[in-house]
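Structure data (PDB, C-alpha atoms, pLDDT in the B column) from target.pdb:
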ATOM      1  CA  MET M  16       0.000   0.000   0.000  1.00 35.00           C
ATOM      2  CA  GLN M  17       1.376   3.392  -0.964  1.00 51.00           C
ATOM      3  CA  ARG M  18       2.196   5.571   1.998  1.00 65.00           C
ATOM      4  CA  ARG M  19       1.002   9.151   2.409  1.00 91.00           C
ATOM      5  CA  ALA M  20       3.872  11.457   3.252  1.00 93.00           C
ATOM      6  CA  ALA M  21       4.504  14.659   5.163  1.00 96.00           C
ATOM      7  CA  LEU M  22       7.554  16.875   5.624  1.00 97.00           C
ATOM      8  CA  LEU M  23       8.702  17.613   9.178  1.00 98.00           C
ATOM      9  CA  VAL M  24      11.105  20.530   9.723  1.00 98.00           C
ATOM     10  CA  ILE M  25      12.620  20.269  13.185  1.00 98.00           C
ATOM     11  CA  ASP M  26      13.567  23.282  15.314  1.00 98.00           C
ATOM     12  CA  VAL M  27      15.140  25.665  12.796  1.00 98.00           C
ATOM     13  CA  GLN M  28      14.981  28.462  15.365  1.00 98.00           C
ATOM     14  CA  LEU M  29      17.247  31.424  15.938  1.00 98.00           C
ATOM     15  CA  ASP M  30      18.569  30.150  19.268  1.00 98.00           C
ATOM     16  CA  PHE M  31      19.889  27.055  17.480  1.00 98.00           C
ATOM     17  CA  CYS M  32      21.626  29.047  14.742  1.00 98.00           C
ATOM     18  CA  PRO M  33      24.908  30.989  14.946  1.00 97.00           C
ATOM     19  CA  GLY M  34      24.523  33.875  17.368  1.00 96.00           C
ATOM     20  CA  GLY M  35      21.743  32.148  19.296  1.00 98.00           C
ATOM     21  CA  ALA M  36      21.682  31.023  22.905  1.00 97.00           C
ATOM     22  CA  LEU M  37      22.425  27.378  22.062  1.00 96.00           C
ATOM     23  CA  PRO M  38      23.849  27.400  18.533  1.00 97.00           C
ATOM     24  CA  VAL M  39      24.323  24.267  16.460  1.00 97.00           C
ATOM     25  CA  PRO M  40      27.595  24.685  14.545  1.00 94.00           C
ATOM     26  CA  ASP M  41      26.598  25.783  11.025  1.00 95.00           C
ATOM     27  CA  GLY M  42      22.966  25.321  12.011  1.00 97.00           C
ATOM     28  CA  ASP M  43      21.839  27.965   9.552  1.00 98.00           C
ATOM     29  CA  GLN M  44      23.243  25.852   6.717  1.00 98.00           C
ATOM     30  CA  VAL M  45      20.106  23.703   6.778  1.00 98.00           C
ATOM     31  CA  VAL M  46      17.943  26.630   5.665  1.00 98.00           C
ATOM     32  CA  LEU M  47      18.813  26.544   1.947  1.00 98.00           C
ATOM     33  CA  PRO M  48      18.355  22.788   1.421  1.00 98.00           C
ATOM     34  CA  LEU M  49      15.180  22.813   3.503  1.00 98.00           C
ATOM     35  CA  ASN M  50      13.797  25.595   1.331  1.00 98.00           C
ATOM     36  CA  HIS M  51      14.355  23.394  -1.717  1.00 97.00           C
ATOM     37  CA  TYR M  52      12.511  20.548  -0.023  1.00 98.00           C
ATOM     38  CA  LEU M  53       9.737  22.889   1.039  1.00 98.00           C
ATOM     39  CA  GLU M  54       9.297  24.057  -2.530  1.00 96.00           C
ATOM     40  CA  LEU M  55       9.237  20.511  -3.905  1.00 95.00           C
ATOM     41  CA  PHE M  56       6.831  19.147  -1.332  1.00 95.00           C
ATOM     42  CA  THR M  57       4.536  22.172  -1.484  1.00 94.00           C
ATOM     43  CA  MET M  58       4.236  21.801  -5.270  1.00 91.00           C
ATOM     44  CA  ARG M  59       2.913  18.299  -4.638  1.00 91.00           C
ATOM     45  CA  SER M  60       0.546  19.435  -1.876  1.00 92.00           C
ATOM     46  CA  VAL M  61       2.442  17.399   0.705  1.00 93.00           C
ATOM     47  CA  PRO M  62       1.599  18.610   4.242  1.00 96.00           C
ATOM     48  CA  VAL M  63       4.345  20.511   6.055  1.00 98.00           C
ATOM     49  CA  PHE M  64       4.914  20.512   9.801  1.00 98.00           C
ATOM     50  CA  ALA M  65       7.463  22.646  11.653  1.00 98.00           C
ATOM     51  CA  SER M  66       8.369  21.785  15.226  1.00 98.00           C
ATOM     52  CA  ARG M  67       9.751  24.265  17.717  1.00 98.00           C
ATOM     53  CA  ASP M  68      11.058  24.285  21.247  1.00 98.00           C
ATOM     54  CA  TRP M  69       8.631  26.469  23.186  1.00 98.00           C
ATOM     55  CA  HIS M  70       9.954  26.515  26.730  1.00 97.00           C
ATOM     56  CA  PRO M  71       8.606  28.334  29.794  1.00 96.00           C
ATOM     57  CA  GLU M  72      11.014  30.750  31.452  1.00 94.00           C
ATOM     58  CA  GLN M  73      11.533  28.270  34.275  1.00 93.00           C
ATOM     59  CA  SER M  74      12.606  24.900  32.940  1.00 93.00           C
ATOM     60  CA  LYS M  75      14.307  22.064  34.798  1.00 92.00           C
ATOM     61  CA  HIS M  76      16.754  21.435  31.971  1.00 89.00           C
ATOM     62  CA  PHE M  77      18.060  25.028  32.023  1.00 95.00           C
ATOM     63  CA  LYS M  78      21.301  25.413  33.978  1.00 93.00           C
ATOM     64  CA  ALA M  79      19.738  27.964  36.319  1.00 91.00           C
ATOM     65  CA  GLN M  80      17.265  25.285  37.429  1.00 92.00           C
ATOM     66  CA  GLY M  81      19.790  22.444  37.642  1.00 89.00           C
ATOM     67  CA  GLY M  82      19.871  21.232  34.029  1.00 91.00           C
ATOM     68  CA  ILE M  83      22.648  21.142  31.439  1.00 91.00           C
ATOM     69  CA  TRP M  84      21.512  23.723  28.861  1.00 93.00           C
ATOM     70  CA  PRO M  85      21.467  27.521  28.974  1.00 95.00           C
ATOM     71  CA  PRO M  86      18.017  29.113  28.619  1.00 96.00           C
ATOM     72  CA  HIS M  87      16.876  28.932  25.000  1.00 97.00           C
ATOM     73  CA  CYS M  88      13.721  29.120  22.891  1.00 98.00           C
ATOM     74  CA  VAL M  89      11.720  30.694  25.706  1.00 97.00           C
ATOM     75  CA  GLN M  90       8.100  31.196  24.720  1.00 97.00           C
ATOM     76  CA  GLY M  91       7.607  34.483  22.876  1.00 96.00           C
ATOM     77  CA  SER M  92      11.302  35.398  22.850  1.00 98.00           C
ATOM     78  CA  PRO M  93      13.113  36.327  19.601  1.00 98.00           C
ATOM     79  CA  GLY M  94      15.351  33.266  19.922  1.00 98.00           C
ATOM     80  CA  ALA M  95      12.322  30.986  19.700  1.00 98.00           C
ATOM     81  CA  ASP M  96      11.377  32.396  16.279  1.00 98.00           C
ATOM     82  CA  PHE M  97      11.948  30.320  13.178  1.00 98.00           C
ATOM     83  CA  HIS M  98      14.958  31.379  11.129  1.00 98.00           C
ATOM     84  CA  PRO M  99      13.802  34.324   8.972  1.00 98.00           C
ATOM     85  CA  GLY M 100      15.248  32.746   5.838  1.00 98.00           C
ATOM     86  CA  LEU M 101      13.186  29.586   6.233  1.00 98.00           C
ATOM     87  CA  ARG M 102      10.357  29.762   3.699  1.00 98.00           C
ATOM     88  CA  LEU M 103       7.612  27.865   5.459  1.00 98.00           C
ATOM     89  CA  PRO M 104       4.570  27.778   3.171  1.00 97.00           C
ATOM     90  CA  GLU M 105       1.146  29.054   4.076  1.00 96.00           C
ATOM     91  CA  GLY M 106      -0.675  26.321   5.900  1.00 96.00           C
ATOM     92  CA  THR M 107       2.382  24.963   7.711  1.00 98.00           C
ATOM     93  CA  ILE M 108       1.270  23.375  10.971  1.00 98.00           C
ATOM     94  CA  VAL M 109       3.447  24.379  13.918  1.00 98.00           C
ATOM     95  CA  ILE M 110       4.156  21.711  16.524  1.00 98.00           C
ATOM     96  CA  SER M 111       5.240  23.088  19.914  1.00 98.00           C
ATOM     97  CA  LYS M 112       7.163  21.009  22.420  1.00 98.00           C
ATOM     98  CA  GLY M 113       8.983  21.380  25.714  1.00 96.00           C
ATOM     99  CA  MET M 114       6.192  23.488  27.169  1.00 96.00           C
ATOM    100  CA  SER M 115       6.336  21.856  30.595  1.00 93.00           C
ATOM    101  CA  CYS M 116       9.104  22.838  32.983  1.00 92.00           C
ATOM    102  CA  TRP M 117       9.922  19.107  33.228  1.00 90.00           C
ATOM    103  CA  ASP M 118       9.988  18.416  29.475  1.00 87.00           C
ATOM    104  CA  ASN M 119      13.298  18.657  27.617  1.00 86.00           C
ATOM    105  CA  GLY M 120      11.404  18.925  24.346  1.00 91.00           C
ATOM    106  CA  TYR M 121      13.689  16.740  22.255  1.00 96.00           C
ATOM    107  CA  SER M 122      11.106  14.734  20.319  1.00 98.00           C
ATOM    108  CA  ALA M 123       8.643  16.422  17.987  1.00 98.00           C
ATOM    109  CA  MET M 124       6.395  13.404  18.521  1.00 98.00           C
ATOM    110  CA  GLN M 125       5.763  14.748  22.030  1.00 96.00           C
ATOM    111  CA  GLY M 126       4.630  18.097  20.634  1.00 98.00           C
ATOM    112  CA  VAL M 127       1.146  19.472  20.105  1.00 98.00           C
ATOM    113  CA  THR M 128      -0.612  21.816  17.712  1.00 98.00           C
ATOM    114  CA  GLU M 129      -1.866  25.256  18.660  1.00 96.00           C
ATOM    115  CA  ASN M 130      -5.180  23.733  19.765  1.00 96.00           C
ATOM    116  CA  GLY M 131      -3.459  21.017  21.809  1.00 97.00           C
ATOM    117  CA  THR M 132      -3.755  18.054  19.439  1.00 98.00           C
ATOM    118  CA  PRO M 133      -0.835  15.625  19.891  1.00 98.00           C
ATOM    119  CA  PHE M 134       1.317  15.412  16.783  1.00 98.00           C
ATOM    120  CA  ALA M 135       1.075  11.636  16.350  1.00 97.00           C
ATOM    121  CA  MET M 136      -2.705  11.786  16.707  1.00 97.00           C
ATOM    122  CA  LEU M 137      -2.911  14.493  14.066  1.00 97.00           C
ATOM    123  CA  LEU M 138      -0.793  12.491  11.625  1.00 97.00           C
ATOM    124  CA  ARG M 139      -3.151   9.548  11.975  1.00 96.00           C
ATOM    125  CA  ARG M 140      -6.224  11.739  11.605  1.00 96.00           C
ATOM    126  CA  MET M 141      -4.757  13.036   8.349  1.00 96.00           C
ATOM    127  CA  ASP M 142      -3.970   9.467   7.200  1.00 96.00           C
ATOM    128  CA  LEU M 143      -0.262  10.274   7.014  1.00 96.00           C
ATOM    129  CA  ASP M 144       2.151   7.453   7.691  1.00 94.00           C
ATOM    130  CA  ARG M 145       5.518   8.573   6.287  1.00 95.00           C
ATOM    131  CA  LEU M 146       7.661  11.446   7.534  1.00 97.00           C
ATOM    132  CA  TYR M 147      10.517  13.104   5.680  1.00 97.00           C
ATOM    133  CA  VAL M 148      12.636  14.785   8.343  1.00 98.00           C
ATOM    134  CA  GLY M 149      15.242  17.558   8.324  1.00 98.00           C
ATOM    135  CA  GLY M 150      16.362  20.262  10.723  1.00 98.00           C
ATOM    136  CA  LEU M 151      18.259  20.639  13.999  1.00 98.00           C
ATOM    137  CA  ALA M 152      19.937  18.887  15.691  1.00 97.00           C
ATOM    138  CA  THR M 153      20.963  15.499  14.283  1.00 98.00           C
ATOM    139  CA  ASP M 154      22.146  14.117  17.609  1.00 97.00           C
ATOM    140  CA  TYR M 155      19.301  15.443  19.757  1.00 97.00           C
ATOM    141  CA  CYS M 156      15.903  16.532  18.460  1.00 98.00           C
ATOM    142  CA  VAL M 157      16.190  14.945  15.016  1.00 98.00           C
ATOM    143  CA  LYS M 158      17.353  11.631  16.462  1.00 98.00           C
ATOM    144  CA  GLU M 159      14.740  11.492  19.222  1.00 98.00           C
ATOM    145  CA  SER M 160      11.924  12.508  16.856  1.00 98.00           C
ATOM    146  CA  VAL M 161      12.894   9.881  14.288  1.00 98.00           C
ATOM    147  CA  LEU M 162      13.308   7.080  16.809  1.00 98.00           C
ATOM    148  CA  GLU M 163       9.977   7.824  18.458  1.00 98.00           C
ATOM    149  CA  ALA M 164       8.179   8.120  15.115  1.00 98.00           C
ATOM    150  CA  LEU M 165       9.511   4.706  14.139  1.00 98.00           C
ATOM    151  CA  LYS M 166       8.295   3.244  17.448  1.00 98.00           C
ATOM    152  CA  GLU M 167       4.871   4.774  16.747  1.00 97.00           C
ATOM    153  CA  GLY M 168       4.753   2.858  13.469  1.00 97.00           C
ATOM    154  CA  PHE M 169       5.524   5.650  11.014  1.00 97.00           C
ATOM    155  CA  ALA M 170       7.967   5.199   8.152  1.00 96.00           C
ATOM    156  CA  VAL M 171      10.713   7.823   8.340  1.00 97.00           C
ATOM    157  CA  THR M 172      13.254   9.147   5.859  1.00 97.00           C
ATOM    158  CA  VAL M 173      16.072  11.349   7.157  1.00 98.00           C
ATOM    159  CA  LEU M 174      17.073  14.132   4.742  1.00 98.00           C
ATOM    160  CA  THR M 175      20.799  13.876   5.322  1.00 98.00           C
ATOM    161  CA  ASP M 176      21.689  17.061   3.422  1.00 98.00           C
ATOM    162  CA  ALA M 177      19.310  19.095   5.611  1.00 98.00           C
ATOM    163  CA  ILE M 178      20.425  18.167   9.140  1.00 98.00           C
ATOM    164  CA  ARG M 179      23.219  19.432  11.391  1.00 98.00           C
ATOM    165  CA  GLY M 180      24.401  18.196  14.770  1.00 97.00           C
ATOM    166  CA  VAL M 181      25.789  19.631  17.970  1.00 96.00           C
ATOM    167  CA  ASP M 182      28.592  17.054  18.324  1.00 95.00           C
ATOM    168  CA  VAL M 183      29.266  17.760  21.991  1.00 93.00           C
ATOM    169  CA  ASN M 184      31.359  14.609  21.687  1.00 94.00           C
ATOM    170  CA  PRO M 185      33.084  14.231  18.319  1.00 94.00           C
ATOM    171  CA  GLY M 186      31.155  11.813  16.137  1.00 96.00           C
ATOM    172  CA  ASP M 187      27.823  12.200  17.943  1.00 97.00           C
ATOM    173  CA  SER M 188      26.021  13.113  14.712  1.00 97.00           C
ATOM    174  CA  GLU M 189      27.444  10.190  12.800  1.00 97.00           C
ATOM    175  CA  ARG M 190      26.487   7.818  15.608  1.00 98.00           C
ATOM    176  CA  ALA M 191      23.005   9.337  15.780  1.00 98.00           C
ATOM    177  CA  LEU M 192      22.452   8.831  12.055  1.00 98.00           C
ATOM    178  CA  ARG M 193      23.614   5.236  12.294  1.00 98.00           C
ATOM    179  CA  GLU M 194      21.254   4.664  15.222  1.00 98.00           C
ATOM    180  CA  MET M 195      18.333   6.040  13.215  1.00 98.00           C
ATOM    181  CA  LEU M 196      19.166   3.874  10.202  1.00 98.00           C
ATOM    182  CA  ASP M 197      19.661   0.785  12.339  1.00 98.00           C
ATOM    183  CA  ALA M 198      16.225   1.413  13.882  1.00 98.00           C
ATOM    184  CA  GLY M 199      14.635   1.321  10.419  1.00 98.00           C
ATOM    185  CA  ALA M 200      14.787   4.851   9.031  1.00 98.00           C
ATOM    186  CA  GLY M 201      15.696   5.491   5.422  1.00 97.00           C
ATOM    187  CA  GLN M 202      17.923   8.277   4.185  1.00 97.00           C
ATOM    188  CA  ALA M 203      17.732  10.529   1.155  1.00 97.00           C
ATOM    189  CA  THR M 204      19.135  13.701  -0.356  1.00 97.00           C
ATOM    190  CA  LEU M 205      17.577  16.334  -2.583  1.00 96.00           C
ATOM    191  CA  PRO M 206      18.465  14.720  -5.941  1.00 94.00           C
ATOM    192  CA  SER M 207      16.867  11.387  -4.999  1.00 93.00           C
ATOM    193  CA  VAL M 208      13.760  13.054  -3.591  1.00 92.00           C
ATOM    194  CA  ARG M 209      13.428  15.300  -6.631  1.00 87.00           C
ATOM    195  CA  SER M 210      13.823  12.296  -8.923  1.00 86.00           C
ATOM    196  CA  ALA M 211      11.089  10.410  -7.090  1.00 76.00           C
ATOM    197  CA  LEU M 212       8.756  13.383  -7.305  1.00 69.00           C
ATOM    198  CA  LEU M 213       9.346  13.840 -11.017  1.00 69.00           C
ATOM    199  CA  SER M 214       9.024  10.148 -11.798  1.00 67.00           C
ATOM    200  CA  ASP M 215       5.760   9.289 -10.082  1.00 55.00           C
ATOM    201  CA  GLY M 216       4.551  12.283  -8.106  1.00 51.00           C
ATOM    202  CA  GLU M 217       4.996  10.669  -4.702  1.00 50.00           C
ATOM    203  CA  PRO M 218       8.123  11.214  -2.613  1.00 48.00           C
ATOM    204  CA  ARG M 219       9.627   7.886  -1.659  1.00 45.00           C
ATOM    205  CA  PRO M 220      12.993   6.990  -0.132  1.00 43.00           C
ATOM    206  CA  PRO M 221      15.519   4.907  -2.044  1.00 38.00           C
ATOM    207  CA  ALA M 222      15.850   1.280  -1.029  1.00 36.00           C
ATOM    208  CA  ARG M 223      18.093   0.817   1.967  1.00 42.00           C
ATOM    209  CA  ALA M 224      21.346  -0.985   1.411  1.00 34.00           C
ATOM    210  CA  GLY M 225      21.930  -4.163   3.371  1.00 30.00           C
TER     211      GLY M 225
END
Would you mind writing the structure in this file as C-alpha cells?
Amino acid sequence: MQRRAALLVIDVQLDFCPGGALPVPDGDQVVLPLNHYLELFTMRSVPVFASRDWHPEQSKHFKAQGGIWPPHCVQGSPGADFHPGLRLPEGTIVISKGMSCWDNGYSAMQGVTENGTPFAMLLRRMDLDRLYVGGLATDYCVKESVLEALKEGFAVTVLTDAIRGVDVNPGDSERALREMLDAGAGQATLPSVRSALLSDGEPRPPARAG
C-alpha cells in the first residue's frame, strides 16, 4: 500500500543558529536545502509541519534550574522564532514542544498543535504514515523525533543534506544517524527526492542498502 507522506522541519529556530543562545555549529546551513525541499513538497501538496522548542522561562533542563543547557527558545522570545530565511509555506502546521518545565522537548512526537492536538494523533487523523525529516539537531531533536516516530509505526526518511548536529562529543552526529538507520529509518538527499517526485509524483525513499 502506498504511503502518504509529510515533511517535518525540526527546530530551525534562531537560538539554534549561529549567534543564538544554544547554537548548532553551522545550524543555519540547513535553511537553503530545507527551502528546496519545502518548494518541492509544497508543489505536490504534501503537508508541512514545523516543530519548535517552546519553553517556559523556568525549565528544569536550564542550567539555572539544575539542568545542562542555557536558557533557550523561551516562549515568545526572539530566539524561539523560526529562522527568517526559512520559507515555510502558508498552511504549515506548527508543533510546539517542551512546554512543561519538566519536558526537555527533544522529540517532535511529544509536541502538540496550537489547539493542543498531539502530533502523532494528528498524523493519523490526516492518514499520514511517512515522515521526511530535516532540521536541527541530528544528535538530539532529530534523532529522538525519528526514533519515536519509528516506534509509533511511522515510516521515516532522514534528509541527510538538511540536518546538522551539535557534536558535543566528536562523532555524535554520525552515531546518531547510524542509530536512526539501524532502527529502520531510510535516508535521502535532494536529488533522490526530486527524482522520485518527477518520476511518479509521490516522494519515496531509495531502497536501503543491506
As a check of understanding: the span from atom CA of Gly42 of chain M to atom CA of Leu151 of chain M is 6.9 Å
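Excluding Ala65 of chain M itself and same-chain residues fewer than 2 positions from it, the residues having an atom within 8 Å of it are Leu23, Val24, Ile25, Asp26, Val63, Arg67, Thr107, Ile108, Val109 and Ile110 of chain M, counting all atoms listed in the file.
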Go ahead and write the selection's residues with C-alpha atoms as a compact mmCIF listing (two decimals), keeping the file's coordinate frame.
# COMPACT_ATOMS: atom_id res chain seq x y z
CA LEU M 23 8.70 17.61 9.18
CA VAL M 24 11.10 20.53 9.72
CA ILE M 25 12.62 20.27 13.18
CA ASP M 26 13.57 23.28 15.31
CA VAL M 63 4.34 20.51 6.06
CA ARG M 67 9.75 24.26 17.72
CA THR M 107 2.38 24.96 7.71
CA ILE M 108 1.27 23.38 10.97
CA VAL M 109 3.45 24.38 13.92
CA ILE M 110 4.16 21.71 16.52
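With all atoms listed in the file as the atoms that count, the residue of M:Leu29, M:Leu137, M:Cys116, M:Leu162 with the shortest distance to Gly100 of chain M is M:Leu29.
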Explicit residue set for the PyMOL selection byres ((chain M and resi 199) around 9), as a VMD selection string: chain M and resid 162 165 170 to 171 194 to 198 200 to 201
Contacts of Val148 of chain M at 10 Å or less, counting all atoms listed in the file, minus same-chain residues fewer than 6 places along, as a list in words?
Ala21, Leu22, Leu23, Val24, Ile25, Leu49, Phe64, Ala65, Val157, Lys158, Ser160, Val161, Val171, Thr172, Val173, Leu174, Thr175, Ala177, Ile178, Gln202 and Ala203 of chain M
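With distances restricted to all atoms listed in the file, M:Leu138 is the closest residue to Phe169 of chain M from M:Val27, M:Leu138, M:Pro185, M:Arg193.
Taking only C-alpha atoms, the non-local environment of Trp117 of chain M within 10 Å (same-chain residues fewer than 5 positions away omitted) comprises M:His70, M:Pro71, M:Gln73, M:Ser74, M:Lys75, M:His76.
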| Residue members of the PyMOL selection byres ((chain M and resi 97) around 6) in the file shown, as a list in words | Val27, Gln28, Asp96 and His98 of chain M
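Between Leu103 of chain M and the candidates M:His51, M:Lys78, M:Arg190, M:Arg139, the tightest atom-to-atom separation, counting only C-alpha atoms, involves M:His51.
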Skipping near chain neighbours, those fewer than 2 positions away, what residues fall within 6 Å of Ala152 of chain M using all atoms listed in the file, listed as an mmCIF file with C-alpha atoms, in the frame of the given file?
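Saved result, out04.cif, follows:
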data_model
loop_
_atom_site.group_PDB
_atom_site.id
_atom_site.type_symbol
_atom_site.label_atom_id
_atom_site.label_comp_id
_atom_site.auth_asym_id
_atom_site.auth_seq_id
_atom_site.Cartn_x
_atom_site.Cartn_y
_atom_site.Cartn_z
ATOM 1 C CA ASP M 154 22.146 14.117 17.609
ATOM 2 C CA TYR M 155 19.301 15.443 19.757
ATOM 3 C CA CYS M 156 15.903 16.532 18.460
ATOM 4 C CA VAL M 157 16.190 14.945 15.016
ATOM 5 C CA ARG M 179 23.219 19.432 11.391
ATOM 6 C CA GLY M 180 24.401 18.196 14.770
#
